[in-house]
Structures are given as C-alpha cells and as structure tokens.
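Visitor: Next comes the structure file target04.txt, holding compact mmCIF, C-alpha atoms.
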# COMPACT_ATOMS: atom_id res chain seq x y z
CA MET A 1 -4.38 22.00 16.09
CA LEU A 2 -1.42 19.71 15.47
CA LYS A 3 0.87 18.85 18.36
CA ASN A 4 4.61 19.42 17.97
CA LYS A 5 5.28 15.67 17.69
CA GLU A 6 2.64 15.28 14.99
CA LEU A 7 3.95 18.24 13.03
CA SER A 8 7.52 16.91 13.25
CA PHE A 9 6.37 13.58 11.79
CA ILE A 10 4.56 15.32 8.93
CA LYS A 11 7.50 17.60 8.17
CA SER A 12 9.93 14.67 8.07
CA HIS A 13 7.86 12.87 5.41
CA LEU A 14 6.99 15.81 3.17
CA ASP A 15 10.21 16.44 1.24
CA PHE A 16 9.02 19.84 0.08
CA TRP A 17 8.36 21.32 3.54
CA ASP A 18 11.48 23.51 3.60
CA GLN A 19 10.53 24.93 0.20
CA LEU A 20 7.20 26.28 1.43
CA ASN A 21 6.56 29.87 2.40
CA PRO A 22 4.83 30.63 5.74
CA ASN A 23 1.37 30.85 4.15
CA GLU A 24 1.81 27.48 2.42
CA LYS A 25 2.95 25.88 5.68
CA ASN A 26 -0.15 27.27 7.37
CA THR A 27 -2.27 25.82 4.56
CA ILE A 28 -0.96 22.33 5.35
CA GLU A 29 -1.30 22.71 9.11
CA ASN A 30 -4.90 23.89 8.75
CA ASN A 31 -5.93 21.24 6.21
CA ILE A 32 -4.29 18.04 7.38
CA THR A 33 -6.27 15.73 9.65
CA LYS A 34 -5.42 12.58 11.56
CA MET A 35 -7.87 9.81 10.67
CA ASN A 36 -8.52 6.43 12.27
CA TYR A 37 -9.61 3.58 10.02
CA THR A 38 -10.95 0.24 11.21
CA LYS A 39 -9.84 -3.03 9.61
CA GLY A 40 -11.65 -3.57 6.32
CA TYR A 41 -12.69 0.07 5.89
CA ASN A 42 -12.64 1.34 2.30
CA LEU A 43 -10.97 4.77 2.23
CA HIS A 44 -11.08 5.33 -1.48
CA SER A 45 -12.80 3.79 -4.50
CA ALA A 46 -13.80 4.61 -8.06
CA ASP A 47 -17.13 5.99 -6.83
CA SER A 48 -15.81 8.12 -3.98
CA GLU A 49 -14.66 11.71 -4.09
CA CYS A 50 -10.95 12.43 -4.42
CA LEU A 51 -9.50 11.88 -0.95
CA GLY A 52 -6.22 13.80 -0.88
CA VAL A 53 -2.68 12.85 0.07
CA LEU A 54 -2.26 10.03 2.61
CA LEU A 55 0.59 9.75 5.10
CA VAL A 56 0.43 6.56 7.17
CA LEU A 57 1.27 6.93 10.86
CA ASN A 58 0.76 3.28 11.79
CA GLY A 59 -1.08 0.22 10.51
CA GLU A 60 -1.38 -0.88 6.90
CA LEU A 61 -3.35 0.12 3.81
CA ARG A 62 -3.78 -1.90 0.60
CA VAL A 63 -4.00 -0.21 -2.80
CA TYR A 64 -5.61 -2.32 -5.54
CA ILE A 65 -7.54 -2.25 -8.79
CA LEU A 66 -10.84 -4.04 -9.32
CA SER A 67 -11.96 -5.74 -12.52
CA GLU A 68 -15.54 -5.70 -13.82
CA ASP A 69 -16.04 -9.26 -12.60
CA GLY A 70 -14.86 -8.35 -9.09
CA ARG A 71 -11.31 -9.68 -9.21
CA GLU A 72 -8.87 -7.69 -7.08
CA VAL A 73 -5.24 -7.12 -8.03
CA THR A 74 -3.10 -5.66 -5.25
CA LEU A 75 -0.72 -2.99 -6.54
CA PHE A 76 1.14 -2.25 -3.32
CA ARG A 77 0.72 -1.86 0.43
CA LEU A 78 1.35 1.20 2.57
CA ASN A 79 2.95 0.97 6.00
CA ALA A 80 4.05 3.46 8.65
CA GLY A 81 5.81 6.44 7.06
CA ASP A 82 4.56 5.72 3.54
CA THR A 83 2.90 8.44 1.46
CA CYS A 84 0.28 7.90 -1.23
CA VAL A 85 -0.70 10.47 -3.87
CA LEU A 86 -2.81 8.10 -6.01
CA SER A 87 -5.62 8.92 -3.57
CA ALA A 88 -5.32 12.47 -4.94
CA SER A 89 -5.32 11.35 -8.58
CA CYS A 90 -8.01 13.84 -9.58
CA VAL A 91 -5.35 16.58 -9.61
CA LEU A 92 -2.78 14.44 -11.45
CA ASN A 93 -3.70 14.61 -15.13
CA THR A 94 -1.52 11.63 -16.04
CA ILE A 95 -3.49 9.21 -13.82
CA THR A 96 -6.35 7.75 -15.85
CA PHE A 97 -7.32 4.70 -13.81
CA ASP A 98 -9.13 4.25 -10.52
CA VAL A 99 -7.61 2.63 -7.46
CA HIS A 100 -9.25 1.32 -4.31
CA ILE A 101 -7.69 1.65 -0.86
CA ASP A 102 -8.65 -0.52 2.13
CA ALA A 103 -7.37 -0.63 5.69
CA GLU A 104 -5.81 -4.07 6.26
CA MET A 105 -5.69 -3.47 10.02
CA GLU A 106 -6.45 -0.69 12.48
CA THR A 107 -4.69 2.27 10.84
CA GLU A 108 -3.94 5.87 11.69
CA ALA A 109 -3.10 8.21 8.84
CA TYR A 110 -2.84 11.91 8.11
CA VAL A 111 -4.92 13.17 5.20
CA LEU A 112 -4.07 16.43 3.44
CA ASN A 113 -7.39 17.36 1.84
CA ILE A 114 -7.61 17.57 -1.91
CA GLY A 115 -8.41 21.29 -2.05
CA ALA A 116 -5.29 22.27 -0.14
CA PHE A 117 -3.08 19.84 -2.04
CA SER A 118 -4.41 21.04 -5.39
CA THR A 119 -3.72 24.66 -4.48
CA LEU A 120 -0.19 23.90 -3.27
CA ALA A 121 0.65 21.74 -6.31
CA ASN A 122 -0.51 24.51 -8.67
CA GLN A 123 1.49 27.27 -7.02
CA ASN A 124 4.63 25.50 -5.79
CA ILE A 125 6.82 23.48 -8.17
CA TYR A 126 8.35 21.54 -5.29
CA VAL A 127 4.96 20.21 -4.23
CA GLU A 128 4.17 19.25 -7.83
CA ASN A 129 7.54 17.50 -8.17
CA PHE A 130 6.90 15.62 -4.92
CA ALA A 131 3.59 14.34 -6.28
CA LEU A 132 5.14 13.26 -9.58
CA LYS A 133 8.09 11.59 -7.82
CA LYS A 134 5.81 9.60 -5.51
CA THR A 135 3.66 8.58 -8.47
CA VAL A 136 6.67 7.31 -10.43
CA GLU A 137 7.92 5.38 -7.39
CA ARG A 138 4.57 3.66 -7.02
CA PHE A 139 4.36 2.83 -10.70
CA SER A 140 7.51 0.77 -10.21
CA ASP A 141 5.54 -1.24 -7.63
CA VAL A 142 2.61 -1.50 -10.04
CA MET A 143 4.82 -2.79 -12.86
CA TRP A 144 6.42 -5.34 -10.52
CA ALA A 145 2.97 -6.59 -9.48
CA LEU A 146 1.83 -6.92 -13.11
CA GLU A 147 5.08 -8.58 -14.15
CA GLN A 148 4.61 -11.21 -11.47
CA ILE A 149 1.03 -11.91 -12.51
CA LEU A 150 1.74 -12.03 -16.24
CA PHE A 151 5.13 -13.72 -16.46
CA MET A 152 6.06 -15.50 -13.24
CA ARG A 153 5.21 -19.13 -12.39
CA PHE A 154 2.69 -19.27 -9.58
CA ASP A 155 4.88 -21.31 -7.24
CA LYS A 156 7.63 -18.69 -7.63
CA ARG A 157 5.17 -15.83 -7.07
CA LEU A 158 3.96 -17.42 -3.87
CA ALA A 159 7.51 -18.13 -2.72
CA VAL A 160 8.52 -14.51 -3.36
CA PHE A 161 5.52 -13.30 -1.39
CA LEU A 162 6.18 -15.57 1.59
CA LEU A 163 9.86 -14.61 1.70
CA ASP A 164 8.96 -10.91 1.52
CA GLU A 165 6.50 -11.30 4.40
CA MET A 166 9.14 -13.09 6.48
CA SER A 167 11.61 -10.30 5.78
CA LYS A 168 9.07 -7.61 6.64
CA THR A 169 8.07 -9.15 9.98
CA ASN A 170 11.45 -10.74 10.76
CA SER A 171 9.60 -13.92 11.66
CA THR A 172 8.91 -17.39 10.27
CA ILE A 173 5.27 -16.95 11.26
CA ILE A 174 2.95 -15.36 8.69
CA ASN A 175 -0.42 -14.35 10.12
CA LEU A 176 -2.47 -14.19 6.95
CA THR A 177 -5.45 -16.13 5.63
CA GLN A 178 -5.43 -17.82 2.24
CA GLU A 179 -7.98 -15.22 1.09
CA GLN A 180 -5.67 -12.37 2.07
CA ILE A 181 -2.70 -13.95 0.30
CA ALA A 182 -4.80 -14.44 -2.83
CA LYS A 183 -5.74 -10.76 -2.83
CA TYR A 184 -2.14 -9.68 -2.30
CA ILE A 185 -0.75 -11.71 -5.20
CA GLY A 186 -3.71 -11.40 -7.59
CA SER A 187 -4.94 -14.97 -7.60
CA ALA A 188 -7.85 -17.11 -6.42
CA ARG A 189 -8.01 -18.55 -2.91
CA GLU A 190 -8.38 -22.07 -4.28
CA VAL A 191 -5.13 -21.72 -6.27
CA VAL A 192 -3.29 -20.42 -3.19
CA SER A 193 -4.71 -23.25 -1.09
CA ARG A 194 -3.52 -25.92 -3.54
CA MET A 195 -0.01 -24.49 -3.77
CA LEU A 196 0.32 -24.11 0.00
CA LYS A 197 -0.60 -27.79 0.32
CA VAL A 198 2.15 -28.63 -2.18
CA PHE A 199 4.65 -26.57 -0.17
CA GLN A 200 3.48 -28.32 2.99
CA SER A 201 3.97 -31.76 1.41
CA GLN A 202 7.51 -30.69 0.48
CA GLY A 203 8.30 -29.78 4.09
CA ILE A 204 8.55 -26.06 3.37
CA LEU A 205 5.80 -24.91 5.73
CA GLU A 206 3.10 -25.86 8.17
CA GLN A 207 -0.44 -24.45 8.20
CA SER A 208 -3.14 -23.79 10.73
CA ARG A 209 -6.10 -21.43 10.71
CA SER A 210 -4.98 -17.95 9.54
CA LEU A 211 -1.35 -18.85 10.18
CA ILE A 212 1.57 -20.21 8.16
CA ARG A 213 4.88 -21.24 9.70
CA ILE A 214 7.87 -21.52 7.38
CA THR A 215 9.86 -24.59 8.40
CA ASP A 216 12.49 -24.66 5.63
CA LYS A 217 13.45 -21.25 4.29
CA GLU A 218 16.22 -22.66 2.08
CA LYS A 219 13.81 -24.93 0.20
CA LEU A 220 11.57 -21.92 -0.33
CA LYS A 221 14.47 -19.89 -1.72
CA LYS A 222 15.29 -22.67 -4.22
CA LEU A 223 11.93 -22.02 -5.90
CA LEU A 224 13.08 -18.57 -6.99
The structure given in the file should be rewritten as structure tokens.

Guide:
Amino acid sequence: MLKNKELSFIKSHLDFWDQLNPNEKNTIENNITKMNYTKGYNLHSADSECLGVLLVLNGELRVYILSEDGREVTLFRLNAGDTCVLSASCVLNTITFDVHIDAEMETEAYVLNIGAFSTLANQNIYVENFALKKTVERFSDVMWALEQILFMRFDKRLAVFLLDEMSKTNSTIINLTQEQIAKYIGSAREVVSRMLKVFQSQGILEQSRSLIRITDKEKLKKLL
C-alpha cells in the first residue's frame, strides 16, 4: 500500500493522472512498486522481459545500447523525477531496438508493471499520449548523443561532458573514473585518458584516482 507522500510524488510526475477514472487510478496504485537497485545492477537488457514504466525517486540510471562487439553507447541518464518508457518498449510498436539500463549508484525507483501500463495505454488516450511524448523527448537525447559521436571533435565532446557535469553538480569536482566517462560519451577509456592528460598539460584540470578537478573553466569553454 502506497503512503500518501509516495502517491503524491507519483501523481506529480504522471501527467495523465487527472485524466484517469477511479478504476484506472486503482490499477496504478495496485501495480506500482518501489524498487531498490544497487550500483551496477542491470535493470533491463535485450534478453530480459519488458520491465514497465520507470519513475526515479533518487539515484541515477544509465540507458545505453550495446554493439555486437561489446561497445556501449550511452543514450541518456535518468535522475530523480525522471520517467522512462523505453523500459516498456514492448507495448510501443514504434520502438524496434533494445536498450540496456544500469544503476549508476544506489537508486530507488517506482516501477509500473508492464501489464498494467499496457492495459491503461490501450484504453486511455492520455496514457498513450504520455508514453509517446516521453519517447519523443528521449529521442532528442538519443539524437544529441549520436550527433556528438558522429560529428563532434573528441576534445569538444569531452569538454561538453565535463561542463555539463559541473553544471549538474554545481561543483568543479567530478567524481567519475575514466572508464565511466568513456561509457557516458561513447569512447574508449584509453582515448579519454589521453585527452584528459592533454587538458591537464594545458592547465584545464587536475586528476587523481576517480576524481577530476576543473582548474580553469574558461579554457574549457574555449574548446566549444
């Protein structure tokens, strides 16, 4: 049984809530579960069953695609308050590719199971529109990720990433490993390592184990 605070959070992030009838609201309340995921846990993959709709309470999830040779390309990350419907792609006929979802840190999320979501999407146009809207929004993130990989110089890609991380955490300290950064920007760790050393030689940043400190933000911005 959901507590009032939990239900308020869910309602505030499901745009269609006010367009549901009492039975449909009960369907959500009886089929949504709070889940706890440990760092590194794989929630969803090409081989797993359709998960359902994800609503992140806290923590961070990473959505990515995986090539046949094992290369990962991060499409986007999900933080507190974000919703993901690609984990329910089996009921979205327009989605023809598989995504993987990993927990990047200890994460709590609500999961609306696929059976309930499928039923609601089929009988309520507002739920279906919500799913399509969220899908379109995420495809903008996907296109941005692919555009960076295909057309942007690597030094610029890395600079954009570091500046985005600084903005997100409001800090000059970035607590990420080179391996994590490589996964996030769709590159190899060795390439990231070489470019970070170049940035360090230019006085843009300092490095230590699993930590980067930006020392000259303006120099970093000039790479854009």

Visitor: As a ChimeraX atom specification, please: the residues near A:Tyr126 (cut-off 10 Å, only C-alpha atoms, same-chain neighbours under 5 positions excluded).

Guide: /A:15-20,120-121,131-132

Visitor: Between A:Ile181, A:Ile65, A:Ile101, A:Ile212, single out the one closest to A:Arg77, counting all atoms listed in the file.

Guide: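 So, comparing all the options, the nearest one is A:Ile101.
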
Visitor: Fewer than 2 positions away in the same chain doesn't count, so skip those; otherwise give me all residues within 8 Å of stretch 56-60 of chain A, counting only C-alpha atoms, as a list in words.

Guide: Leu54, Arg62, Arg77, Leu78, Asn79, Ala80, Gly81, Asp82, Thr83, Ala103, Glu104, Met105, Glu106, Thr107, Glu108, Ala109 and Tyr110 of chain A

Visitor: From the set A:Lys3, A:Phe9, A:Leu223, A:Val85, which residue has the shortest atom-to-atom contact distance to A:Phe139, counting only C-alpha atoms?

Guide: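 Result for the nearest residue to A:Phe139: A:Val85.
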
Visitor: Could you work out how far atom CA of A:Val111 lies from atom CA of A:Gly70, giving the answer in Å with one decimal?

Guide: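 Result for atom CA of A:Gly70 versus atom CA of A:Val111: 27.7 Å, one decimal.
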
Visitor: Between A:Leu55, A:Ile149, A:Met143, A:Met166, which residue has the minimum interatomic distance to A:Phe76, considering only C-alpha atoms?

Guide: A:Met143

Visitor: Interatomic distance between atom CA of A:Leu51 and atom CA of A:Gln180?

Guide: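 Distance between the two atoms: 24.7 Å.
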
Visitor: Quick one, how far is atom CA of A:Ile173 from atom CA of A:Leu211?

Guide: 7.0 Å

Visitor: Skip A:Ala159 itself and residues of its chain fewer than 6 positions away, then list as a list in words all residues within 12 Å of it, counting all atoms listed in the file.

Guide: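 Everything that qualifies: Gln148, Met152, Arg153, Glu165, Met166, Ile181, Ile185, Val192, Met195, Leu196, Val198, Phe199, Ile204, Leu205, Ile214, Asp216, Lys217, Glu218, Lys219, Leu220, Lys221, Lys222, Leu223 and Leu224 of chain A.
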
Visitor: Closest to A:Asn26 among A:Gln202, A:Val191, A:Ala116, A:Tyr41, using all atoms listed in the file?

Guide: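 The closest residue to A:Asn26 is A:Ala116.
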
Visitor: If the box runs along x, y and z of the file and leaves 6 Å on each side of stretch 123-136 of chain A, what are its centre and edge lengths in Å, one decimal, as AutoDock Vina command-line options?

Guide:
--center_x 4.9 --center_y 17.3 --center_z -7.3 --size_x 18.9 --size_y 32.0 --size_z 18.2

Visitor: Hey, what's within 10 Å of A:Glu49 if we count only C-alpha atoms and toss same-chain stuff fewer than 4 positions away? As a PyMOL selection string, please?

Guide: chain A and resi 44-45+87-88+90+114

Visitor: Would you list the contacts of A:Met1 as a list of chain:residue names, taking every protein, DNA or RNA residue within 10 Å and counting all atoms listed in the file, but skipping same-chain residues closer than 2 positions in sequence?

Guide: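 Everything that qualifies: A:Lys3, A:Asn4, A:Glu6, A:Leu7, A:Glu29, A:Asn30, A:Ile32, A:Thr33.
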
Visitor: Quick one: of A:Thr74, A:Thr27, A:Ser208, A:Asn122, who's nearest to A:Ile174, counting only C-alpha atoms?

Guide: A:Ser208

Visitor: Taking all atoms listed in the file into account, which of A:Val136, A:Ala188, A:Asn129, A:Leu176 comes nearest A:Phe161?

Guide: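 The closest residue to A:Phe161 is A:Leu176.
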
Visitor: Output stretch 129-157 of chain A as a short mmCIF file (atom, residue, chain, number, x, y, z; two decimals), keeping the file's coordinate frame, making sure N, CA and C atoms are there.

Guide:
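Written out: result38.cif:
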data_model
loop_
_atom_site.label_atom_id
_atom_site.label_comp_id
_atom_site.auth_asym_id
_atom_site.auth_seq_id
_atom_site.Cartn_x
_atom_site.Cartn_y
_atom_site.Cartn_z
N ASN A 129 6.48 18.49 -7.94
CA ASN A 129 7.54 17.50 -8.17
C ASN A 129 7.45 16.35 -7.18
N PHE A 130 7.09 16.66 -5.94
CA PHE A 130 6.90 15.62 -4.92
C PHE A 130 5.82 14.64 -5.36
N ALA A 131 4.70 15.19 -5.84
CA ALA A 131 3.59 14.34 -6.28
C ALA A 131 4.00 13.46 -7.44
N LEU A 132 4.71 14.03 -8.41
CA LEU A 132 5.14 13.26 -9.58
C LEU A 132 6.16 12.19 -9.19
N LYS A 133 7.07 12.54 -8.28
CA LYS A 133 8.09 11.59 -7.82
C LYS A 133 7.44 10.40 -7.12
N LYS A 134 6.49 10.68 -6.23
CA LYS A 134 5.81 9.60 -5.51
C LYS A 134 5.00 8.72 -6.46
N THR A 135 4.42 9.35 -7.48
CA THR A 135 3.66 8.58 -8.47
C THR A 135 4.57 7.64 -9.24
N VAL A 136 5.71 8.14 -9.68
CA VAL A 136 6.67 7.31 -10.43
C VAL A 136 7.16 6.16 -9.56
N GLU A 137 7.46 6.44 -8.29
CA GLU A 137 7.92 5.38 -7.39
C GLU A 137 6.88 4.28 -7.27
N ARG A 138 5.62 4.66 -7.17
CA ARG A 138 4.57 3.66 -7.02
C ARG A 138 4.30 2.91 -8.31
N PHE A 139 4.54 3.55 -9.44
CA PHE A 139 4.36 2.83 -10.70
C PHE A 139 5.38 1.72 -10.85
N SER A 140 6.54 1.86 -10.22
CA SER A 140 7.51 0.77 -10.21
C SER A 140 6.92 -0.43 -9.48
N ASP A 141 6.22 -0.17 -8.36
CA ASP A 141 5.54 -1.24 -7.63
C ASP A 141 4.44 -1.86 -8.47
N VAL A 142 3.70 -1.01 -9.19
CA VAL A 142 2.61 -1.50 -10.04
C VAL A 142 3.15 -2.41 -11.14
N MET A 143 4.24 -1.99 -11.78
CA MET A 143 4.82 -2.79 -12.86
C MET A 143 5.36 -4.12 -12.34
N TRP A 144 5.93 -4.10 -11.13
CA TRP A 144 6.42 -5.34 -10.52
C TRP A 144 5.26 -6.30 -10.26
N ALA A 145 4.14 -5.76 -9.75
CA ALA A 145 2.97 -6.59 -9.48
C ALA A 145 2.44 -7.21 -10.77
N LEU A 146 2.34 -6.41 -11.83
CA LEU A 146 1.83 -6.92 -13.11
C LEU A 146 2.79 -7.92 -13.73
N GLU A 147 4.09 -7.66 -13.61
CA GLU A 147 5.08 -8.58 -14.15
C GLU A 147 4.97 -9.95 -13.49
N GLN A 148 4.78 -9.95 -12.18
CA GLN A 148 4.61 -11.21 -11.47
C GLN A 148 3.39 -11.98 -11.97
N ILE A 149 2.27 -11.26 -12.09
CA ILE A 149 1.03 -11.91 -12.51
C ILE A 149 1.12 -12.45 -13.93
N LEU A 150 1.72 -11.68 -14.81
CA LEU A 150 1.74 -12.03 -16.24
C LEU A 150 2.81 -13.04 -16.62
N PHE A 151 3.98 -12.95 -15.96
CA PHE A 151 5.13 -13.72 -16.46
C PHE A 151 5.76 -14.70 -15.48
N MET A 152 5.38 -14.67 -14.23
CA MET A 152 6.06 -15.50 -13.24
C MET A 152 5.23 -16.75 -12.90
N ARG A 153 5.89 -17.91 -12.82
CA ARG A 153 5.21 -19.13 -12.39
C ARG A 153 4.56 -18.89 -11.03
N PHE A 154 3.41 -19.55 -10.81
CA PHE A 154 2.69 -19.27 -9.58
C PHE A 154 3.46 -19.73 -8.35
N ASP A 155 4.14 -20.86 -8.42
CA ASP A 155 4.88 -21.31 -7.24
C ASP A 155 5.97 -20.31 -6.87
N LYS A 156 6.60 -19.70 -7.89
CA LYS A 156 7.63 -18.69 -7.63
C LYS A 156 7.01 -17.43 -7.05
N ARG A 157 5.86 -17.01 -7.60
CA ARG A 157 5.17 -15.83 -7.07
C ARG A 157 4.84 -15.99 -5.61
#
